[in-house]
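K.L.:
What follows is a single structure, and I will ask about it in a moment.
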Amino acid sequence: MDIYALMKFAHIIGFILLGAGLLAVFISELRAYRTKDIAVFAEAARYTAVFYDALALPGAVLLAGSGLLLIFELDLAFFDEPWLVAMWGLFLFELIEGNTVTRIQFRRTLKKSVQARDQGALTDAVREEARTVLGQVAHFLDVPLFSVIVYCGAVRPDSWGHVVTAVALALVVAFVLTVAVPRLARPGSG
Amino acid sequence: MSKAIKALHLIGVIMFFGSILGHITVGLVPGVADDPNTALFAREAIAVATTYLTLPGLALALLSGIYMAAKRGGSVFRTRWLMLHALFGTVIVLNAALVLYPIGQELLEAALQVAKGALPIDQLGDMAGREAAFGAVNVVLCLVMVFVAVVKPRIGQPKL
């Protein structure tokens, strides 16, 4: 069995783990937006933290390691192919954003949610304090940008036009999610 | 077009397999085995993920996989790794539809009863054992299926 196949396998498992983490966080946050129950609100914040650390983080490490080895194994230049630039560029962006804005955000959400649970009421002020606008934007960017990375890896578009269109589409989706989800999800119950 | 379908297939696999990994992670959260409210929250989280990720992911992976196989025509049946891939896929679908989904529904109902105090939490643990066993089978099958799709072993066939 060749080393390339093993690296590719590790790379796809990395994608599955990272995707699992990001999607699980999305669902967990959706429950927090939908609920009227402070206990569910606080528990969702705990699950978000668990999913980031147990799935997204190991997935990102595996994806980065295997991706770097694949670039060397295939003798690819970092800046030659648009799809490759998009893959590592967006991954790097998500990695930095995930370990700065998002990590600070979900730690803050967890802390504020637990404080609110101890006080016993889920008010609009508690919701707004637990999730900042910047944190929400960063959160809703995760899945669309991850989808662009998957698209670039599977389709390997060789024109910048396709890559830029995909990124622009992801930004539009992220914007719509940021505006719509917190408002549309709120009237329901978790 | 075929590359776009491949991307959709990959997204379906990520949604389906990823959600199973999410279900496992939920089971590891402290309090799930001994606190009724935590257990109920966990079962509700799994039910929501099943609705929004597991089932749509399975449908997407299945439909895109069937489309790609159909595009290959008769050569599908002569390509052993692909037959193996399809066989594992079929077993995963059957296990998910006939065993894991019904157990998940039963567990959610049982968790509701436990949270109301109508059932002892130990009973939930016994049922979760069945889910863990059949769930583990699907995780292993998913891993092997992805491995087969990536490595494309010849399995006795000459190299094309």
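Chain labels follow the order of the structure tokens: the first chain is A, the next B, and so on; residue numbering restarts at 1 in every chain, and ligands are counted from 1 in their shown order.
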I want to know what sits within 9 Å of Leu95 of chain A, based on only C-alpha atoms, with residues of the same chain fewer than 5 positions away left out; could you give that as an MDAnalysis selection string?

P.N.:
chainID A and resid 60 90 100

K.L.:
List as JSON lines every residue of chain B that is in contact with chain A, defined as an atom at most 9 Å from one of its atoms (using only C-alpha atoms), together with the nearest atom pair and the distance in Å rounded to one decimal, sorted by chain and then rising number.

P.N.:
```
{"residue": "B:Ser2", "atom": "CA", "partner": "A:Val155", "partner_atom": "CA", "distance": 8.9}
{"residue": "B:Lys3", "atom": "CA", "partner": "A:Val155", "partner_atom": "CA", "distance": 5.1}
{"residue": "B:Ala4", "atom": "CA", "partner": "A:Val155", "partner_atom": "CA", "distance": 6.2}
{"residue": "B:Lys6", "atom": "CA", "partner": "A:Ala154", "partner_atom": "CA", "distance": 6.6}
{"residue": "B:Ala7", "atom": "CA", "partner": "A:Ala154", "partner_atom": "CA", "distance": 5.2}
{"residue": "B:Leu8", "atom": "CA", "partner": "A:Tyr151", "partner_atom": "CA", "distance": 8.4}
{"residue": "B:Leu10", "atom": "CA", "partner": "A:Val150", "partner_atom": "CA", "distance": 7.8}
{"residue": "B:Ile11", "atom": "CA", "partner": "A:Val150", "partner_atom": "CA", "distance": 7.5}
{"residue": "B:Val13", "atom": "CA", "partner": "A:Ile16", "partner_atom": "CA", "distance": 7.7}
{"residue": "B:Ile14", "atom": "CA", "partner": "A:Ile16", "partner_atom": "CA", "distance": 4.8}
{"residue": "B:Met15", "atom": "CA", "partner": "A:Ala20", "partner_atom": "CA", "distance": 6.8}
{"residue": "B:Phe16", "atom": "CA", "partner": "A:Ala20", "partner_atom": "CA", "distance": 8.7}
{"residue": "B:Phe17", "atom": "CA", "partner": "A:Ile16", "partner_atom": "CA", "distance": 7.0}
{"residue": "B:Gly18", "atom": "CA", "partner": "A:Ala20", "partner_atom": "CA", "distance": 3.9}
{"residue": "B:Ser19", "atom": "CA", "partner": "A:Ala20", "partner_atom": "CA", "distance": 5.9}
{"residue": "B:Ile20", "atom": "CA", "partner": "A:Ala20", "partner_atom": "CA", "distance": 8.3}
{"residue": "B:Leu21", "atom": "CA", "partner": "A:Ala20", "partner_atom": "CA", "distance": 6.8}
{"residue": "B:Gly22", "atom": "CA", "partner": "A:Ala24", "partner_atom": "CA", "distance": 6.3}
{"residue": "B:Thr25", "atom": "CA", "partner": "A:Ala54", "partner_atom": "CA", "distance": 7.2}
{"residue": "B:Val26", "atom": "CA", "partner": "A:Tyr47", "partner_atom": "CA", "distance": 7.7}
{"residue": "B:Val29", "atom": "CA", "partner": "A:Val50", "partner_atom": "CA", "distance": 7.8}
{"residue": "B:Thr38", "atom": "CA", "partner": "A:Glu43", "partner_atom": "CA", "distance": 8.1}
{"residue": "B:Phe41", "atom": "CA", "partner": "A:Val40", "partner_atom": "CA", "distance": 7.3}
{"residue": "B:Glu44", "atom": "CA", "partner": "A:Gly190", "partner_atom": "CA", "distance": 8.9}
{"residue": "B:Ala45", "atom": "CA", "partner": "A:Ser28", "partner_atom": "CA", "distance": 7.3}
{"residue": "B:Val48", "atom": "CA", "partner": "A:Ile27", "partner_atom": "CA", "distance": 7.5}
{"residue": "B:Ala49", "atom": "CA", "partner": "A:Ile27", "partner_atom": "CA", "distance": 6.7}
{"residue": "B:Tyr52", "atom": "CA", "partner": "A:Ile27", "partner_atom": "CA", "distance": 8.1}
{"residue": "B:Leu53", "atom": "CA", "partner": "A:Leu23", "partner_atom": "CA", "distance": 8.0}
{"residue": "B:Leu143", "atom": "CA", "partner": "A:Ile13", "partner_atom": "CA", "distance": 8.4}
{"residue": "B:Val146", "atom": "CA", "partner": "A:Phe9", "partner_atom": "CA", "distance": 7.4}
{"residue": "B:Phe147", "atom": "CA", "partner": "A:Phe9", "partner_atom": "CA", "distance": 6.2}
{"residue": "B:Ala149", "atom": "CA", "partner": "A:Phe9", "partner_atom": "CA", "distance": 9.0}
{"residue": "B:Val150", "atom": "CA", "partner": "A:Phe9", "partner_atom": "CA", "distance": 6.0}
{"residue": "B:Val151", "atom": "CA", "partner": "A:Ala5", "partner_atom": "CA", "distance": 5.4}
{"residue": "B:Lys152", "atom": "CA", "partner": "A:Ala5", "partner_atom": "CA", "distance": 8.9}
{"residue": "B:Pro153", "atom": "CA", "partner": "A:Met1", "partner_atom": "CA", "distance": 8.6}
```

K.L.:
Using only C-alpha atoms, which protein or nucleic acid residues come within 12 Å of segment 92-95 of chain B? Drop anything in the same chain fewer than 6 positions from it, and give the result as a PDB file with N, CA and C atoms, in the first residue's frame.

P.N.:
```
ATOM      1  N   VAL B  13     -21.252  11.978   3.473  1.00  0.00           N
ATOM      2  CA  VAL B  13     -20.495  11.087   4.365  1.00  0.00           C
ATOM      3  C   VAL B  13     -20.086  11.840   5.635  1.00  0.00           C
ATOM      4  N   PHE B  16     -23.205  12.210   7.785  1.00  0.00           N
ATOM      5  CA  PHE B  16     -23.660  10.946   8.376  1.00  0.00           C
ATOM      6  C   PHE B  16     -22.645  10.409   9.392  1.00  0.00           C
ATOM      7  N   PHE B  17     -21.421  10.186   8.947  1.00  0.00           N
ATOM      8  CA  PHE B  17     -20.395   9.615   9.817  1.00  0.00           C
ATOM      9  C   PHE B  17     -20.066  10.595  10.946  1.00  0.00           C
ATOM     10  N   ILE B  20     -22.559  10.474  13.698  1.00  0.00           N
ATOM     11  CA  ILE B  20     -22.388   9.287  14.556  1.00  0.00           C
ATOM     12  C   ILE B  20     -21.288   9.560  15.586  1.00  0.00           C
ATOM     13  N   THR B  54     -27.905  13.093  10.542  1.00  0.00           N
ATOM     14  CA  THR B  54     -27.695  11.678  10.224  1.00  0.00           C
ATOM     15  C   THR B  54     -28.544  11.245   9.019  1.00  0.00           C
ATOM     16  N   LEU B  55     -29.845  11.481   9.087  1.00  0.00           N
ATOM     17  CA  LEU B  55     -30.727  11.004   8.018  1.00  0.00           C
ATOM     18  C   LEU B  55     -30.519  11.763   6.694  1.00  0.00           C
ATOM     19  N   GLY B  57     -27.789  13.256   5.769  1.00  0.00           N
ATOM     20  CA  GLY B  57     -26.443  12.870   5.331  1.00  0.00           C
ATOM     21  C   GLY B  57     -26.455  11.500   4.676  1.00  0.00           C
ATOM     22  N   LEU B  58     -27.189  10.582   5.291  1.00  0.00           N
ATOM     23  CA  LEU B  58     -27.297   9.223   4.746  1.00  0.00           C
ATOM     24  C   LEU B  58     -27.964   9.264   3.372  1.00  0.00           C
ATOM     25  N   ALA B  59     -29.056  10.040   3.266  1.00  0.00           N
ATOM     26  CA  ALA B  59     -29.769  10.138   1.984  1.00  0.00           C
ATOM     27  C   ALA B  59     -28.864  10.744   0.906  1.00  0.00           C
ATOM     28  N   ALA B  61     -25.513  10.831   0.817  1.00  0.00           N
ATOM     29  CA  ALA B  61     -24.415   9.904   0.485  1.00  0.00           C
ATOM     30  C   ALA B  61     -24.933   8.760  -0.392  1.00  0.00           C
ATOM     31  N   LEU B  62     -26.115   8.257  -0.048  1.00  0.00           N
ATOM     32  CA  LEU B  62     -26.701   7.122  -0.765  1.00  0.00           C
ATOM     33  C   LEU B  62     -27.065   7.515  -2.203  1.00  0.00           C
ATOM     34  N   HIS B  85     -17.364  -1.624  -1.301  1.00  0.00           N
ATOM     35  CA  HIS B  85     -17.811  -0.313  -0.802  1.00  0.00           C
ATOM     36  C   HIS B  85     -19.349  -0.281  -0.722  1.00  0.00           C
ATOM     37  N   ALA B  86     -19.986  -0.748  -1.796  1.00  0.00           N
ATOM     38  CA  ALA B  86     -21.460  -0.756  -1.848  1.00  0.00           C
ATOM     39  C   ALA B  86     -22.043  -1.727  -0.823  1.00  0.00           C
ATOM     40  N   TYR B 101     -31.923   3.479  14.509  1.00  0.00           N
ATOM     41  CA  TYR B 101     -32.967   4.508  14.565  1.00  0.00           C
ATOM     42  C   TYR B 101     -34.087   4.127  15.554  1.00  0.00           C
ATOM     43  N   PRO B 102     -34.619   2.882  15.461  1.00  0.00           N
ATOM     44  CA  PRO B 102     -35.660   2.494  16.448  1.00  0.00           C
ATOM     45  C   PRO B 102     -35.144   2.522  17.892  1.00  0.00           C
ATOM     46  N   ILE B 103     -33.900   2.083  18.109  1.00  0.00           N
ATOM     47  CA  ILE B 103     -33.351   2.118  19.482  1.00  0.00           C
ATOM     48  C   ILE B 103     -33.263   3.571  19.967  1.00  0.00           C
ATOM     49  N   GLU B 131     -27.421   0.043  21.894  1.00  0.00           N
ATOM     50  CA  GLU B 131     -27.104   1.085  20.910  1.00  0.00           C
ATOM     51  C   GLU B 131     -25.596   1.205  20.715  1.00  0.00           C
ATOM     52  N   ALA B 133     -23.353  -1.130  21.077  1.00  0.00           N
ATOM     53  CA  ALA B 133     -22.822  -2.283  20.348  1.00  0.00           C
ATOM     54  C   ALA B 133     -23.074  -2.142  18.845  1.00  0.00           C
ATOM     55  N   PHE B 134     -24.326  -1.852  18.473  1.00  0.00           N
ATOM     56  CA  PHE B 134     -24.641  -1.729  17.045  1.00  0.00           C
ATOM     57  C   PHE B 134     -24.047  -0.441  16.450  1.00  0.00           C
ATOM     58  N   GLY B 135     -23.931   0.597  17.278  1.00  0.00           N
ATOM     59  CA  GLY B 135     -23.305   1.836  16.828  1.00  0.00           C
ATOM     60  C   GLY B 135     -21.830   1.622  16.529  1.00  0.00           C
ATOM     61  N   ALA B 136     -21.168   0.824  17.383  1.00  0.00           N
ATOM     62  CA  ALA B 136     -19.743   0.529  17.167  1.00  0.00           C
ATOM     63  C   ALA B 136     -19.548  -0.217  15.853  1.00  0.00           C
ATOM     64  N   VAL B 137     -20.483  -1.126  15.550  1.00  0.00           N
ATOM     65  CA  VAL B 137     -20.407  -1.855  14.275  1.00  0.00           C
ATOM     66  C   VAL B 137     -20.449  -0.860  13.111  1.00  0.00           C
ATOM     67  N   ASN B 138     -21.342   0.120  13.195  1.00  0.00           N
ATOM     68  CA  ASN B 138     -21.439   1.104  12.107  1.00  0.00           C
ATOM     69  C   ASN B 138     -20.198   1.990  11.999  1.00  0.00           C
ATOM     70  N   VAL B 139     -19.597   2.326  13.144  1.00  0.00           N
ATOM     71  CA  VAL B 139     -18.385   3.150  13.100  1.00  0.00           C
ATOM     72  C   VAL B 139     -17.264   2.389  12.389  1.00  0.00           C
ATOM     73  N   VAL B 140     -17.100   1.110  12.757  1.00  0.00           N
ATOM     74  CA  VAL B 140     -16.047   0.302  12.129  1.00  0.00           C
ATOM     75  C   VAL B 140     -16.330   0.155  10.630  1.00  0.00           C
ATOM     76  N   LEU B 141     -17.595  -0.126  10.285  1.00  0.00           N
ATOM     77  CA  LEU B 141     -17.954  -0.287   8.869  1.00  0.00           C
ATOM     78  C   LEU B 141     -17.723   1.007   8.089  1.00  0.00           C
ATOM     79  N   CYS B 142     -18.055   2.147   8.709  1.00  0.00           N
ATOM     80  CA  CYS B 142     -17.831   3.446   8.048  1.00  0.00           C
ATOM     81  C   CYS B 142     -16.342   3.654   7.780  1.00  0.00           C
ATOM     82  N   LEU B 143     -15.519   3.346   8.794  1.00  0.00           N
ATOM     83  CA  LEU B 143     -14.072   3.512   8.638  1.00  0.00           C
ATOM     84  C   LEU B 143     -13.550   2.636   7.500  1.00  0.00           C
ATOM     85  N   VAL B 144     -13.991   1.364   7.492  1.00  0.00           N
ATOM     86  CA  VAL B 144     -13.533   0.433   6.448  1.00  0.00           C
ATOM     87  C   VAL B 144     -14.029   0.904   5.080  1.00  0.00           C
ATOM     88  N   MET B 145     -15.264   1.405   5.037  1.00  0.00           N
ATOM     89  CA  MET B 145     -15.838   1.847   3.769  1.00  0.00           C
ATOM     90  C   MET B 145     -15.054   3.035   3.198  1.00  0.00           C
TER      91      MET B 145
END
```

K.L.:
Write out as a list of chain:residue names each polymer residue whose atoms come within 12 Å of Gly89 of chain A, counting only C-alpha atoms; drop sequence neighbours fewer than 6 positions from it.

P.N.:
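Residues meeting the cut-off are A:Ala64, A:Phe78, A:Phe79, A:Glu81, A:Pro82, A:Trp83, A:Leu95, A:Ile96, A:Leu145, A:Phe146, A:Val148, A:Ile149, A:Cys152, A:Val163, A:Val167.
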
K.L.:
Would you write out those residues with C-alpha atoms, as a PDB file, in the first residue's frame?

P.N.:
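Final file, part32.pdb:
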```pdb
ATOM      1  CA  ALA A  64      -3.378  20.072   8.888  1.00  0.00           C
ATOM      2  CA  PHE A  78       1.702  26.250  -2.206  1.00  0.00           C
ATOM      3  CA  PHE A  79       0.665  29.109  -4.526  1.00  0.00           C
ATOM      4  CA  GLU A  81      -3.162  25.980  -7.849  1.00  0.00           C
ATOM      5  CA  PRO A  82      -6.193  28.135  -6.916  1.00  0.00           C
ATOM      6  CA  TRP A  83      -7.969  25.207  -5.207  1.00  0.00           C
ATOM      7  CA  LEU A  95      -7.779  27.850  12.529  1.00  0.00           C
ATOM      8  CA  ILE A  96      -6.785  31.367  13.616  1.00  0.00           C
ATOM      9  CA  LEU A 145     -16.255  28.071   4.792  1.00  0.00           C
ATOM     10  CA  PHE A 146     -15.695  24.417   5.679  1.00  0.00           C
ATOM     11  CA  VAL A 148     -15.829  25.592   0.422  1.00  0.00           C
ATOM     12  CA  ILE A 149     -12.734  23.711   1.636  1.00  0.00           C
ATOM     13  CA  CYS A 152     -11.994  22.742  -3.357  1.00  0.00           C
ATOM     14  CA  VAL A 163     -12.878  29.780  -5.991  1.00  0.00           C
ATOM     15  CA  VAL A 167     -16.086  31.973  -1.114  1.00  0.00           C
TER      16      VAL A 167
END
```

K.L.:
For Leu82 of chain B, list every protein, DNA or RNA residue within 9 Å, evaluated using only C-alpha atoms, and leave out those in the same chain fewer than 5 positions away; present the list as a PyMOL selection string.

P.N.:
chain B and resi 69+76-77+87+148-149+152

K.L.:
Quick one: pull the distance between atom CA of Thr123 of chain A and atom CA of Val181 of chain A, Å, one decimal.

P.N.:
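One can read the atom CA of Thr123 of chain A to atom CA of Val181 of chain A distance as 17.7 Å.
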
K.L.:
Might you pull out every residue within 10 Å of Asp35 of chain B, with only C-alpha atoms counted and same-chain residues fewer than 5 positions away left off, and present them as an NGL selection string?

P.N.:
:B and (30 or 40 or 114-115 or 121)

K.L.:
Which residue, B:Gly89, B:Arg154, B:Lys116, B:Leu108, has the smallest gap to Leu63 of chain B when you use only C-alpha atoms?

P.N.:
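Selected residue with least distance to Leu63 of chain B: B:Gly89.
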